Amino acid sequence: MLRSFEHKNAKSVNEAAGVLELGNAALIAGGTDLLGTLKDNILPDYPGTIVNIKTIPGLEYIKEENGTLKIGALTKLADIAASPTVQRKYTALAQAAKAVATPHLRDMGTIGGNIAQLPRCWYFRKSDNRFPCLRKGGTECFAATGENRYHSILGGWKTETSQCTAACPAGTDIPKYLSQIRAGDMDGAAETIMKVNPMPMLTSRVCAHFCQQECNRCQKDEGVQSGATERVVGDYILANADKFYKAPAKETGKTIAIIGAGPAGMSAAFYLRKAGNKVVIYDTKPEAGGMLRYAIPAYRLPKDLVAKFASLLEKMGIEFKLGAKIGDEIKPSDLEKNYDAVLYATGAWKRPVLGFSGEDLAIFGLDFLVEVKNWMDGKVGQEVVVMGGGNVAMDVAVTAKRLGAKKVKLTCLETRDKMPASGEEVARAIEEGIEIDPGWGLSQVVSENGKIVGLEVKRCLSTVDASGRFNPQYDENDKKVLTGENILLATGQGIDLSYLDEKYQIQLNRGRIVTDEDSNETSRPGVFGAGDVVNGPATVIGSVASGHKSANGISRYLGVDYFSYANASNKEYVFFDTEGTKNPIGLKLKELDAAARAVDKEDSMTPELSEGVTEAKRCLNCACYAVNPSDTAPALIALDAKIVTNHRTLAAEELFDVNEPSNTVLGKDEIITEIQIPQPPAGSKSAFTKLALRKSIDFPVVNVAVLVGVEKPRIALNAIAPKPYRSLKAEAVLAGKTIDEATATAAGEAAVADIQPLAATKYKAQIAKTLLKRTLLGTTE
Amino acid sequence: MTITLNLNGKPTDLDVKTNYTLQEALQFKLGLTGAKHMCNKGVCGSCTVIKDGRAVLSCQILAVECDGSTVETVEGIAAQPKWKPLLDAYCKWDAMQCGYCTPGFVVSAKALLDSNPHPTEDECKEALAGNICICGTYPRHAQAILDAALVMND
Amino acid sequence: MADLVGVNGQRTEFRVVGKPNLPGKASMSLATGVAKFGIDYVLPDMLHAKFLRSPYANAKIISMDISRAKALPGVADIVTWEDPELKNLGGSPMGGPPSRPYLDNYADQDGMEVGCIVVAEDEDIAEEALRLILQDTKWEVYDAVVDPNKGRVEGSPIVRQVRYTSFDMFSSVKPENQKGNVNFATTVQGDVDEGFKQADHIIEYEVDLPAFCGHIPNPPSSVAWWTKEPYRDGEWLHVEGAVQRRDSVGRMYGVSDNRTVQEGIFQGGKYCDWGMRKSQEITPLLAKRTGRPVRCAQEREDTFDFLMNERFINMKIGFTNEGLITAIDDFSIADGGIQGSSSFGTANDQGYGPYYTTRCLNIRQQMEIVDTNTGKMYLSGQHCPFNWDTLTVGLHIIAEKLNKDVIDIAKMNLHGPDSQEDPRVVPSFEACIETGKKLMNWEWHQAGAKRLPDGRLHGASFRYQICPRHAFSGYDCQLEYRGGKIHLPTQGPITGIFAVECNAMIIAEELNVEYDDVIVDYDWRNKFTPVGGGSDGTTASGWAMKECCAKLKKMILEQAVKEAENPPAGGMFSFGPPQPNPLKGYTVDELDIAHKPLAEPKPVPAPPGGPGGFGGPGGPGGFGGPPAPVMEPVVYVKADPSLFKTLSSAVTETLVANFSGRPPAAIWSLGMGKMLDTMNTAYCEVAVDEETGVVEILRFGVVADPGKVIRPTSLESQIDQVMYFSQGCQLFEEFIYDDATGLRLNNNMIEYKKPTVMDVPRVDKHFEETRSGNAVYGASGVSHSMANTHLVICAIYNATGVWVQPPATPDKVLAALGKI
């Protein structure tokens, strides 16, 4: 039975809205949808208050005023169906109202409630929220690969950004580019990625791929290997670079200096140049790429790829000033003077001071990677100890091994499951024979006669305190020595801001440049920051995103066109490949045999395009694939109705959306008050047809409403898509034509021209086109 | 909270929880057994009552929202001599088997005859389209209603 | 067994039996809603119980903390599976000791009662407590299997993580045959390989029997309480709202039958449901523990039990160019059903199935019975009628292949009355098909050959079956004569088959009184129950009742003679000397009973000294004026019907007659080759819309031979019922499970689609009365045997030439037609 709640009778719309505004409340009109929902306890939250709007006077009427039919939102469906006026002039609505459920429910249910009803999907409706789908705050659609015979034929609709996209620091619309790969649209896929990431050929090789871990498939089999697909697209971009790295057609005349040629700086440079600005990148190193070029081992990211990317930027007209002495010859104050905007993206290259005995005997891991050439020829020694649990530590350890160390021991503060390195990287390290011994902290470097013999470590009990702050606790009585000739520290990187001087200051916080959250602008107008210098040492993709954000900020600052930072445009139907998703096995990159691996040769190979397509087909394109079940909705759309709420007036079409959990755009305290329908012109005809399994009670398999005999016919179908579907194509077929067997058939075909059915819904298209054809022909009788 | 119904012609006070449906209130507070608990989802019609002149589903109505309403149940209908022909016809034509859903049908039929004393067979069917009889007695209901209409209109 | 007045044949004229529109004895109670079903019982101070129901299809409770739930205000009691009182509770559906834990910590079905039961002041409090318990319960969740085809494959997850030993007196499923999820049963007659050698054609086809839902409209619910009667020792157990008899519940608690009270007689549609519901079994325990009445109501969601388990059949049939079947090879994969339930009929059901009605002597049936996490089933006995359709489908394929009328094919293959080799046509069948062809304007055509004026394809199909009669139950009849009325004491129950009414009609017929003179006294103390195999039980109990009538009639007439000779003392207000008795001087053999005077009374001179007494003599009398017509039964002199006396005045004593017995065994139970006496046939016409896949049943036709029609109104209604069951399972009804989780997706009345009044087609009916059944007047049962899963499907085949497995929803029809 129902759980307990508070019950309020509203006397006015405002009063009801006021209760809704407070939250944890539900509105009850006819109650036929709500009470079922509550009895089955299907939603994650149960309302504490139910506010009855039936007690609001004056919301139940059918009247005609100035050529407009007005129906109060509380008008019962039975009364609409029985109204001679509606039957005569607004026939489709009368027929639709009559088609709803049963006579009893039509005597209870209101028109407002009918168009605002919740989805009917059986996964959604399973009691006690047994399937926490994405209409209920979850992340997946269980029907997409489950029982979906009554679901969409036009694709799904996202209620919010997919998990994978949300997990990507750059916000790459992964499902979208994967669907473009599936469709054979590689250029489109490239554009989608490059909207937020100009260097997928680089990031795909080094990224931690948070997206893969968040993939809903991980619950069942293997997540979609979006790293591999990104690499396919990345290399496609490289192979077709001319298409994607063009000099801008138009110059803005603005000049921007970017300090730092790492991922953040180059990312910003790309977007700023694309917008037509003149961009100069300064870097102290002799070659562009920053960490990509110097810190990431070549076996993961070949250096020539970085160089190639930099050269593409040069081709776009970006100027690189390498080997520049920032803060020395090149003063920040001069930059600010000489350029319209300045961006600092200088990274985190400094060795941090950790404060343990013998610290200076240990080697800074980043330096080790930068100077890897110096460590060739066995200089690394027989035994090496690496301290650190992140990706850099893994790189250091693997590089050390490949440089000839017989034994590489890696330790870190965190326990195995809390190590910050990505699973892939840890797995690679283990595969290469690195001994991982987690859960230890630095105690002291042990040396004999000035020669290092090992690292003493102490048991780490915890790394963060109750408030989540980094505050490691140790057991000083539990110590041991890890023997080794070299100690490599990969326990973090500091930020070097020595180029700022006393006269030229930027607001800092804990050694990082403080920037505005939206624009990345620093405390100095026109001066921006990006990447590690702002966020601290982070991922490459994070830096790319940060650079992009700065580019947008700079563009806004300069008043030039900019590229939207927010990528995900969810306002479209999405699809997946019903067959391809059945494949449980993710795409694995081909790799060199362990024996063939080296420090300067890329371990893995880019998959073939066809492999990328197969992997792209594994994406479920997580979205809601349930349909809108309303019978009256398509009639209202066909009749071009307006929906009046306490806040606004909407076209019927605009009312419907796919939200959590509702089927409308209505705000939290928004209440439908009236339906307005313009009187169709003389000579026009409207009609509604429904096909359901049973002739009573059932929700539609498909329904269709048409308005014809007008200059611009209107056609709407429902129960075939997450939202009521207006078929512009079918309308176009009919415009100006007489309805006969041929045109009606053509309209039917046009209405289903864009279908992308699920495994079990293809039949609905056949029904939809037949129903539309017959409904049209019915208007000629 | 206390609500007042005009129940089968008599003012009736009921103390109900806010989460009681009308069906539950009738059953648990008054011991009325005519509005049956079947699907509890508003589809089977077994709990049909006439509220303010409409045949509605008492399992989908909150009791608290009936305060001041006029409610007629099958018990009230059966108590009126006027409707004896309808009930007699139901018995004569076996318009029931196990009988669980029957009161819901009778209420729907009464609501139909209220508004349409001379229904056709199709109109009878339409009025009963919200009542499910798992025993499948459907054809007998139209027969009974048509028969009752003849007697009542005599 | 003694046949006191002869079973069949003697009576040719029927006055009451066969008469339509005699109202049901309890119909007014049902129609007005005063009839109380289990769920309707509300007692003062009553508590509500709710089971924890498994949110998983296959899972075991590792730990459960009920402390938060117990602390919830309004929670009276929580009993977990570990409670010793629960451990000792239980019983098999057929009676006998517990075959499995009554409540376990293991559930192999979504929604299964598991772990605990909560008793609270109100249902919502109980549900709140269960939500807390769910939060505080840890589960081990196992992979679930919902498709027997998947479960049978090696390497599929093992369905029964905990296996109970099944008690099942009928089952041929042997534990030693269990391998993984699969058990195996096989029966062979003749030489199947040889049979195929004799064939000119061999066909192979698939028949899917869908799982579909039981037909109990009222969510099973029970209320129990205990009383101590001060004037009698000991405790009395009250159990209301049952699907099983009160005595089985009483016995579980060691309470004798005569102290187990069940006032309620209304049980809802019981349709071959033999299963006890846990609610019924446990409420007495909970009532005892709490000292208060306890109600346990199921929700409709919990009532979607299977009427029939899913089964996939691969059929192979060999036949000659004439259409004579020479070999039948049936390989079935069947859902094994719920653990511990009766699998009667699941295996070896063809022993009374369709194959042995044929002249074919080479028959093999092999069956894999596969465990799944779906087969929740408390029912039994419905399997047999449905399984007939494996042959029905085959006959249609043969007809299509040979371009011959399917009825002729069936006729050719049916064996005759005497043996499997008897080529004669059974008269009952002959009568049915002759009428059936006329009723349906039968013109067989090949698939796709006929279109309706609206363009849709027309299809027709045909099906026959024997009318299996219930011949196993004995009936303890009792009749009382009291004051001119015949009382029929019975314990009920009332399940919708008007069984009591059939018996009342037989009583009226045999005693020659009016139907209204038969008073049914419902009382739980009475022995007689007319139930036992649906309407088949009705005719069987009617047989025993007829014998009882003969005894009572004899007693009435003997008493009439006695009272005519020695008039009893008048009643309290009788004055003067007794009236002269027109029956005086006649013997029992010279008297009879009639429902009303058969002639004008002979004037009997009033004796001097006063008017006639109250209670009236036969014939006119009273306080002058014109004589009132007698509207009562009378005892009369056969030789001179004008000599009579009203029954109530002729016999003033109360008389009681008893008879216990059952009809002679039905032919079909005698063995192979004797399957056929009374039969039935069903027909279906459909229109198939090729563009939408929508199938419309234009009409059903039924020509059945129930031997003798006892109560046509309910018989017709039951025919409608089975045809609508059949329509439902062939067009709409289906259990939908999520394959990944094994959870049921559509156990509600919106998504589980029973036909509505708008959907059901016409059912044209005609009854043959060959009187060749074994029960009263040569009657037999009929309705169950007409339920089918493939009559509509065969009509679709006849329309389109393609097979669509039930339910033939538009998606499947369009797919079969190649439209998608």
# chains A, B, ... in the order shown; residues from 1 in each chain; ligands from 1

$ residues_around --residues "stretch 52-60 of chain B" --least-positions-apart "2" --cutoff "7 Å" --atoms "only C-alpha atoms" --output "ChimeraX atom specification"
/A:31-32,35,104-105,107-108 /B:21-23,40,42,45,47-50,62,69-71,108,111

$ select_by_dssp --residues "stretch 3-152 of chain B" --states "helix (DSSP H, G or I)" --output "number ranges by chain"
B: 22-30, 58-60, 63-66, 74-78, 81-92, 102-115, 121-127, 138-152

$ closest_atom_pairs --of "chain C" --to "chain B" --cutoff "6 Å" --atoms "only C-alpha atoms" --output "JSON lines"
{"residue": "C:Asn21", "atom": "CA", "partner": "B:Lys92", "partner_atom": "CA", "distance": 4.9}
{"residue": "C:Pro23", "atom": "CA", "partner": "B:Lys92", "partner_atom": "CA", "distance": 4.7}
{"residue": "C:Ser27", "atom": "CA", "partner": "B:Cys91", "partner_atom": "CA", "distance": 5.4}
{"residue": "C:Leu30", "atom": "CA", "partner": "B:Gly99", "partner_atom": "CA", "distance": 5.3}
{"residue": "C:Ala31", "atom": "CA", "partner": "B:Pro103", "partner_atom": "CA", "distance": 5.1}
{"residue": "C:Thr32", "atom": "CA", "partner": "B:Val74", "partner_atom": "CA", "distance": 5.8}
{"residue": "C:Gly33", "atom": "CA", "partner": "B:Gly34", "partner_atom": "CA", "distance": 3.9}
{"residue": "C:Val34", "atom": "CA", "partner": "B:Thr33", "partner_atom": "CA", "distance": 6.0}
{"residue": "C:Asp40", "atom": "CA", "partner": "B:Thr33", "partner_atom": "CA", "distance": 5.8}
{"residue": "C:Asn218", "atom": "CA", "partner": "B:Met38", "partner_atom": "CA", "distance": 5.9}
{"residue": "C:Gly268", "atom": "CA", "partner": "B:Cys98", "partner_atom": "CA", "distance": 4.7}
{"residue": "C:Gly269", "atom": "CA", "partner": "B:Cys98", "partner_atom": "CA", "distance": 5.0}
{"residue": "C:Arg300", "atom": "CA", "partner": "B:Cys39", "partner_atom": "CA", "distance": 5.4}
{"residue": "C:Thr495", "atom": "CA", "partner": "B:Cys98", "partner_atom": "CA", "distance": 4.9}
{"residue": "C:Gly496", "atom": "CA", "partner": "B:Cys98", "partner_atom": "CA", "distance": 3.6}
{"residue": "C:Gln721", "atom": "CA", "partner": "B:Gly136", "partner_atom": "CA", "distance": 4.7}
{"residue": "C:Thr756", "atom": "CA", "partner": "B:Ile132", "partner_atom": "CA", "distance": 5.8}
{"residue": "C:Val757", "atom": "CA", "partner": "B:Tyr138", "partner_atom": "CA", "distance": 5.5}

$ interface_residues --of "chain C" --to "chain A" --cutoff "7 Å" --atoms "only C-alpha atoms" --output "ChimeraX atom specification"
/C:123-124,691-692,732,738-739,745-746,750,755-756,758-759,811,814,820

$ write_last_selection --atoms "all heavy atoms" --output "tab-separated table (two decimals), in the first residue's frame"
chain	number	residue	atom	x	y	z
C	123	GLU	N	-0.84	-2.55	7.18
C	123	GLU	CA	-0.01	-3.07	6.08
C	123	GLU	C	1.15	-2.15	5.75
C	123	GLU	O	2.23	-2.61	5.41
C	123	GLU	CB	-0.88	-3.27	4.84
C	123	GLU	CG	-1.71	-4.53	4.88
C	123	GLU	CD	-2.44	-4.77	3.56
C	123	GLU	OE1	-3.26	-3.90	3.20
C	123	GLU	OE2	-2.20	-5.80	2.92
C	124	ASP	N	0.92	-0.85	5.82
C	124	ASP	CA	2.01	0.04	5.44
C	124	ASP	C	3.16	-0.01	6.46
C	124	ASP	O	4.31	0.17	6.10
C	124	ASP	CB	1.53	1.48	5.18
C	124	ASP	CG	0.78	2.09	6.34
C	124	ASP	OD1	0.34	1.34	7.23
C	124	ASP	OD2	0.62	3.32	6.34
C	691	GLU	N	-0.42	-6.03	-42.93
C	691	GLU	CA	0.34	-4.78	-42.83
C	691	GLU	C	0.66	-4.39	-41.39
C	691	GLU	O	1.63	-3.69	-41.14
C	691	GLU	CB	-0.43	-3.64	-43.51
C	691	GLU	CG	-0.30	-3.68	-45.02
C	691	GLU	CD	-0.89	-2.43	-45.65
C	691	GLU	OE1	-2.12	-2.22	-45.50
C	691	GLU	OE2	-0.14	-1.66	-46.25
C	692	THR	N	-0.19	-4.82	-40.47
C	692	THR	CA	0.06	-4.46	-39.07
C	692	THR	C	0.39	-5.67	-38.21
C	692	THR	O	0.82	-5.52	-37.07
C	692	THR	CB	-1.18	-3.79	-38.45
C	692	THR	OG1	-2.28	-4.72	-38.53
C	692	THR	CG2	-1.55	-2.51	-39.15
C	732	PHE	N	-2.24	-12.39	-26.42
C	732	PHE	CA	-1.76	-11.29	-25.58
C	732	PHE	C	-0.84	-11.71	-24.43
C	732	PHE	O	0.10	-11.01	-24.09
C	732	PHE	CB	-2.94	-10.56	-24.92
C	732	PHE	CG	-4.07	-10.19	-25.82
C	732	PHE	CD1	-5.36	-10.59	-25.53
C	732	PHE	CD2	-3.85	-9.43	-26.95
C	732	PHE	CE1	-6.42	-10.24	-26.34
C	732	PHE	CE2	-4.90	-9.07	-27.77
C	732	PHE	CZ	-6.19	-9.48	-27.47
C	738	ASP	N	13.43	-10.42	-17.45
C	738	ASP	CA	14.70	-9.84	-17.85
C	738	ASP	C	15.75	-10.94	-17.81
C	738	ASP	O	15.99	-11.55	-16.76
C	738	ASP	CB	15.09	-8.69	-16.91
C	738	ASP	CG	16.43	-8.11	-17.29
C	738	ASP	OD1	16.59	-7.74	-18.46
C	738	ASP	OD2	17.33	-8.04	-16.43
C	739	ASP	N	16.35	-11.17	-18.96
C	739	ASP	CA	17.27	-12.29	-19.07
C	739	ASP	C	18.50	-12.09	-18.18
C	739	ASP	O	19.02	-13.05	-17.61
C	739	ASP	CB	17.69	-12.44	-20.54
C	739	ASP	CG	18.31	-13.80	-20.80
C	739	ASP	OD1	17.66	-14.80	-20.44
C	739	ASP	OD2	19.42	-13.86	-21.34
C	745	LEU	N	9.12	-8.83	-15.31
C	745	LEU	CA	8.92	-7.43	-15.69
C	745	LEU	C	7.46	-7.04	-15.78
C	745	LEU	O	7.14	-5.86	-15.77
C	745	LEU	CB	9.60	-7.16	-17.04
C	745	LEU	CG	11.12	-7.31	-17.06
C	745	LEU	CD1	11.65	-7.10	-18.48
C	745	LEU	CD2	11.77	-6.32	-16.11
C	746	ASN	N	6.58	-8.00	-15.90
C	746	ASN	CA	5.21	-7.60	-16.21
C	746	ASN	C	4.17	-8.29	-15.34
C	746	ASN	O	3.10	-8.64	-15.82
C	746	ASN	CB	4.90	-7.86	-17.70
C	746	ASN	CG	4.86	-9.33	-18.03
C	746	ASN	OD1	5.49	-10.14	-17.36
C	746	ASN	ND2	4.09	-9.69	-19.03
C	750	ILE	N	-1.64	-4.50	-16.17
C	750	ILE	CA	-1.51	-3.65	-17.36
C	750	ILE	C	-0.65	-4.37	-18.38
C	750	ILE	O	-1.02	-4.48	-19.55
C	750	ILE	CB	-0.86	-2.30	-17.01
C	750	ILE	CG1	-1.61	-1.63	-15.87
C	750	ILE	CG2	-0.82	-1.40	-18.23
C	750	ILE	CD1	-0.95	-0.37	-15.35
C	755	PRO	N	-7.58	-10.68	-21.77
C	755	PRO	CA	-8.52	-10.02	-22.69
C	755	PRO	C	-9.56	-9.18	-21.93
C	755	PRO	O	-9.95	-9.53	-20.81
C	755	PRO	CB	-9.21	-11.20	-23.38
C	755	PRO	CG	-8.32	-12.37	-23.18
C	755	PRO	CD	-7.58	-12.13	-21.91
C	756	THR	N	-9.99	-8.12	-22.57
C	756	THR	CA	-11.06	-7.30	-22.01
C	756	THR	C	-12.35	-7.58	-22.80
C	756	THR	O	-12.32	-8.29	-23.81
C	756	THR	CB	-10.75	-5.79	-22.12
C	756	THR	OG1	-10.92	-5.40	-23.49
C	756	THR	CG2	-9.33	-5.49	-21.68
C	758	MET	N	-13.75	-5.74	-24.72
C	758	MET	CA	-13.65	-5.20	-26.07
C	758	MET	C	-12.92	-6.16	-27.01
C	758	MET	O	-12.95	-5.99	-28.21
C	758	MET	CB	-12.91	-3.85	-26.06
C	758	MET	CG	-13.49	-2.82	-25.13
C	758	MET	SD	-15.20	-2.43	-25.49
C	758	MET	CE	-15.01	-1.29	-26.85
C	759	ASP	N	-12.21	-7.10	-26.43
C	759	ASP	CA	-11.36	-7.98	-27.24
C	759	ASP	C	-12.00	-9.31	-27.58
C	759	ASP	O	-11.64	-9.94	-28.57
C	759	ASP	CB	-10.05	-8.27	-26.49
C	759	ASP	CG	-9.29	-7.00	-26.16
C	759	ASP	OD1	-8.96	-6.27	-27.10
C	759	ASP	OD2	-9.05	-6.73	-24.98
C	811	ASP	N	4.33	-8.11	-33.54
C	811	ASP	CA	5.76	-8.20	-33.89
C	811	ASP	C	6.10	-9.57	-34.44
C	811	ASP	O	6.79	-9.70	-35.45
C	811	ASP	CB	6.64	-7.87	-32.68
C	811	ASP	CG	6.27	-8.66	-31.43
C	811	ASP	OD1	5.13	-9.15	-31.35
C	811	ASP	OD2	7.12	-8.80	-30.53
C	814	LEU	N	4.35	-10.14	-37.94
C	814	LEU	CA	5.04	-9.43	-39.02
C	814	LEU	C	6.36	-10.10	-39.35
C	814	LEU	O	6.75	-10.22	-40.51
C	814	LEU	CB	5.26	-7.96	-38.63
C	814	LEU	CG	3.99	-7.09	-38.61
C	814	LEU	CD1	4.29	-5.72	-38.01
C	814	LEU	CD2	3.41	-6.93	-40.02
C	820	ILE	N	9.30	-7.70	-41.69
C	820	ILE	CA	10.35	-6.93	-41.01
C	820	ILE	C	11.62	-7.76	-40.99
C	820	ILE	O	11.58	-8.96	-41.18
C	820	ILE	CB	9.98	-6.54	-39.57
C	820	ILE	CG1	9.57	-7.78	-38.74
C	820	ILE	CG2	8.86	-5.54	-39.58
C	820	ILE	CD1	9.44	-7.48	-37.27

$ atom_distance --atom1 "atom CA of A:Lys642" --atom2 "atom CA of A:Glu654"
9.1 Å

$ residues_around --residues "stretch 357-361 of chain A" --least-positions-apart "2" --cutoff "7 Å" --atoms "only C-alpha atoms" --output "number ranges by chain"
A: 355, 363, 444-445

$ residues_around --residues "C:Asn566" --least-positions-apart "2" --cutoff "12 Å" --atoms "only C-alpha atoms" --output "list of chain:residue names"
C:Gln559, C:Ala560, C:Val561, C:Lys562, C:Glu563, C:Ala564, C:Pro568, C:Ala569, C:Gly570, C:Pro578, C:Pro580, C:Asn581, C:Leu583, C:Lys584, C:Gly585, C:Ala650, C:Val651, C:Thr652

$ residues_around --residues "stretch 297-299 of chain C" --least-positions-apart "2" --cutoff "8 Å" --atoms "only C-alpha atoms" --output "list in words"
Met38, Cys39 and Asn40 of chain B; Ile39, His48, Ala49, Lys50, Pro219, Pro220, Ser221, Ser222, Ser279, Arg295, Glu301, Asp302 and Thr303 of chain C

$ closest_residue --among "A:Val279, A:Leu403, A:Met394, A:Ala10" --to "A:Ser422" --atoms "only C-alpha atoms"
A:Met394

$ closest_residue --among "B:Asp15, B:Asp147, B:Glu123, B:Glu72" --to "chain A" --atoms "only C-alpha atoms"
B:Glu123

$ residues_around --residues "A:Ala405" --least-positions-apart "2" --cutoff "6 Å" --atoms "only C-alpha atoms" --output "PDB file with all heavy atoms, in the first residue's frame"
ATOM      1  N   GLY A 381      72.007   0.539 -12.951  1.00  0.00           N
ATOM      2  CA  GLY A 381      72.382  -0.395 -11.894  1.00  0.00           C
ATOM      3  C   GLY A 381      71.579  -1.674 -11.927  1.00  0.00           C
ATOM      4  O   GLY A 381      70.653  -1.830 -12.714  1.00  0.00           O
ATOM      5  N   GLN A 382      71.955  -2.608 -11.036  1.00  0.00           N
ATOM      6  CA  GLN A 382      71.308  -3.918 -10.982  1.00  0.00           C
ATOM      7  C   GLN A 382      69.960  -3.846 -10.286  1.00  0.00           C
ATOM      8  O   GLN A 382      69.001  -4.481 -10.689  1.00  0.00           O
ATOM      9  CB  GLN A 382      72.194  -4.917 -10.226  1.00  0.00           C
ATOM     10  CG  GLN A 382      73.486  -5.256 -10.929  1.00  0.00           C
ATOM     11  CD  GLN A 382      73.262  -6.118 -12.164  1.00  0.00           C
ATOM     12  OE1 GLN A 382      72.626  -7.142 -12.090  1.00  0.00           O
ATOM     13  NE2 GLN A 382      73.773  -5.661 -13.304  1.00  0.00           N
ATOM     14  N   GLU A 383      69.918  -3.086  -9.183  1.00  0.00           N
ATOM     15  CA  GLU A 383      68.689  -2.991  -8.403  1.00  0.00           C
ATOM     16  C   GLU A 383      68.298  -1.523  -8.263  1.00  0.00           C
ATOM     17  O   GLU A 383      69.138  -0.685  -7.970  1.00  0.00           O
ATOM     18  CB  GLU A 383      68.896  -3.574  -7.001  1.00  0.00           C
ATOM     19  CG  GLU A 383      68.804  -5.088  -6.944  1.00  0.00           C
ATOM     20  CD  GLU A 383      68.778  -5.563  -5.503  1.00  0.00           C
ATOM     21  OE1 GLU A 383      69.862  -5.628  -4.897  1.00  0.00           O
ATOM     22  OE2 GLU A 383      67.686  -5.826  -4.979  1.00  0.00           O
ATOM     23  N   ALA A 400      63.343   2.208 -16.082  1.00  0.00           N
ATOM     24  CA  ALA A 400      64.525   1.691 -15.372  1.00  0.00           C
ATOM     25  C   ALA A 400      64.775   0.237 -15.738  1.00  0.00           C
ATOM     26  O   ALA A 400      65.896  -0.190 -15.984  1.00  0.00           O
ATOM     27  CB  ALA A 400      64.331   1.843 -13.866  1.00  0.00           C
ATOM     28  N   LYS A 401      63.681  -0.501 -15.784  1.00  0.00           N
ATOM     29  CA  LYS A 401      63.798  -1.930 -16.106  1.00  0.00           C
ATOM     30  C   LYS A 401      64.359  -2.097 -17.512  1.00  0.00           C
ATOM     31  O   LYS A 401      65.258  -2.901 -17.761  1.00  0.00           O
ATOM     32  CB  LYS A 401      62.420  -2.582 -15.993  1.00  0.00           C
ATOM     33  CG  LYS A 401      62.447  -4.094 -16.059  1.00  0.00           C
ATOM     34  CD  LYS A 401      62.684  -4.667 -14.684  1.00  0.00           C
ATOM     35  CE  LYS A 401      63.105  -6.108 -14.587  1.00  0.00           C
ATOM     36  NZ  LYS A 401      62.688  -7.089 -15.471  1.00  0.00           N
ATOM     37  N   LYS A 407      66.397  -5.765 -11.183  1.00  0.00           N
ATOM     38  CA  LYS A 407      65.290  -5.784 -10.249  1.00  0.00           C
ATOM     39  C   LYS A 407      64.817  -4.361 -10.033  1.00  0.00           C
ATOM     40  O   LYS A 407      65.636  -3.484  -9.721  1.00  0.00           O
ATOM     41  CB  LYS A 407      65.779  -6.359  -8.909  1.00  0.00           C
ATOM     42  CG  LYS A 407      64.793  -7.303  -8.275  1.00  0.00           C
ATOM     43  CD  LYS A 407      65.366  -7.927  -7.037  1.00  0.00           C
ATOM     44  CE  LYS A 407      64.541  -9.156  -6.694  1.00  0.00           C
ATOM     45  NZ  LYS A 407      65.035  -9.787  -5.478  1.00  0.00           N
TER      46      LYS A 407
END

$ select_by_dssp --residues "stretch 191-402 of chain C" --states "strand (DSSP E)" --output "ChimeraX atom specification"
/C:201-209,212-213,221-228,235-240,260-261,294-297,306-308,311-319,325-335,363-370

$ residues_around --residues "stretch 255-260 of chain C" --least-positions-apart "4" --cutoff "8 Å" --atoms "only C-alpha atoms" --output "VMD selection string"
chain C and resid 235 to 239 246 to 247 250 to 251 525
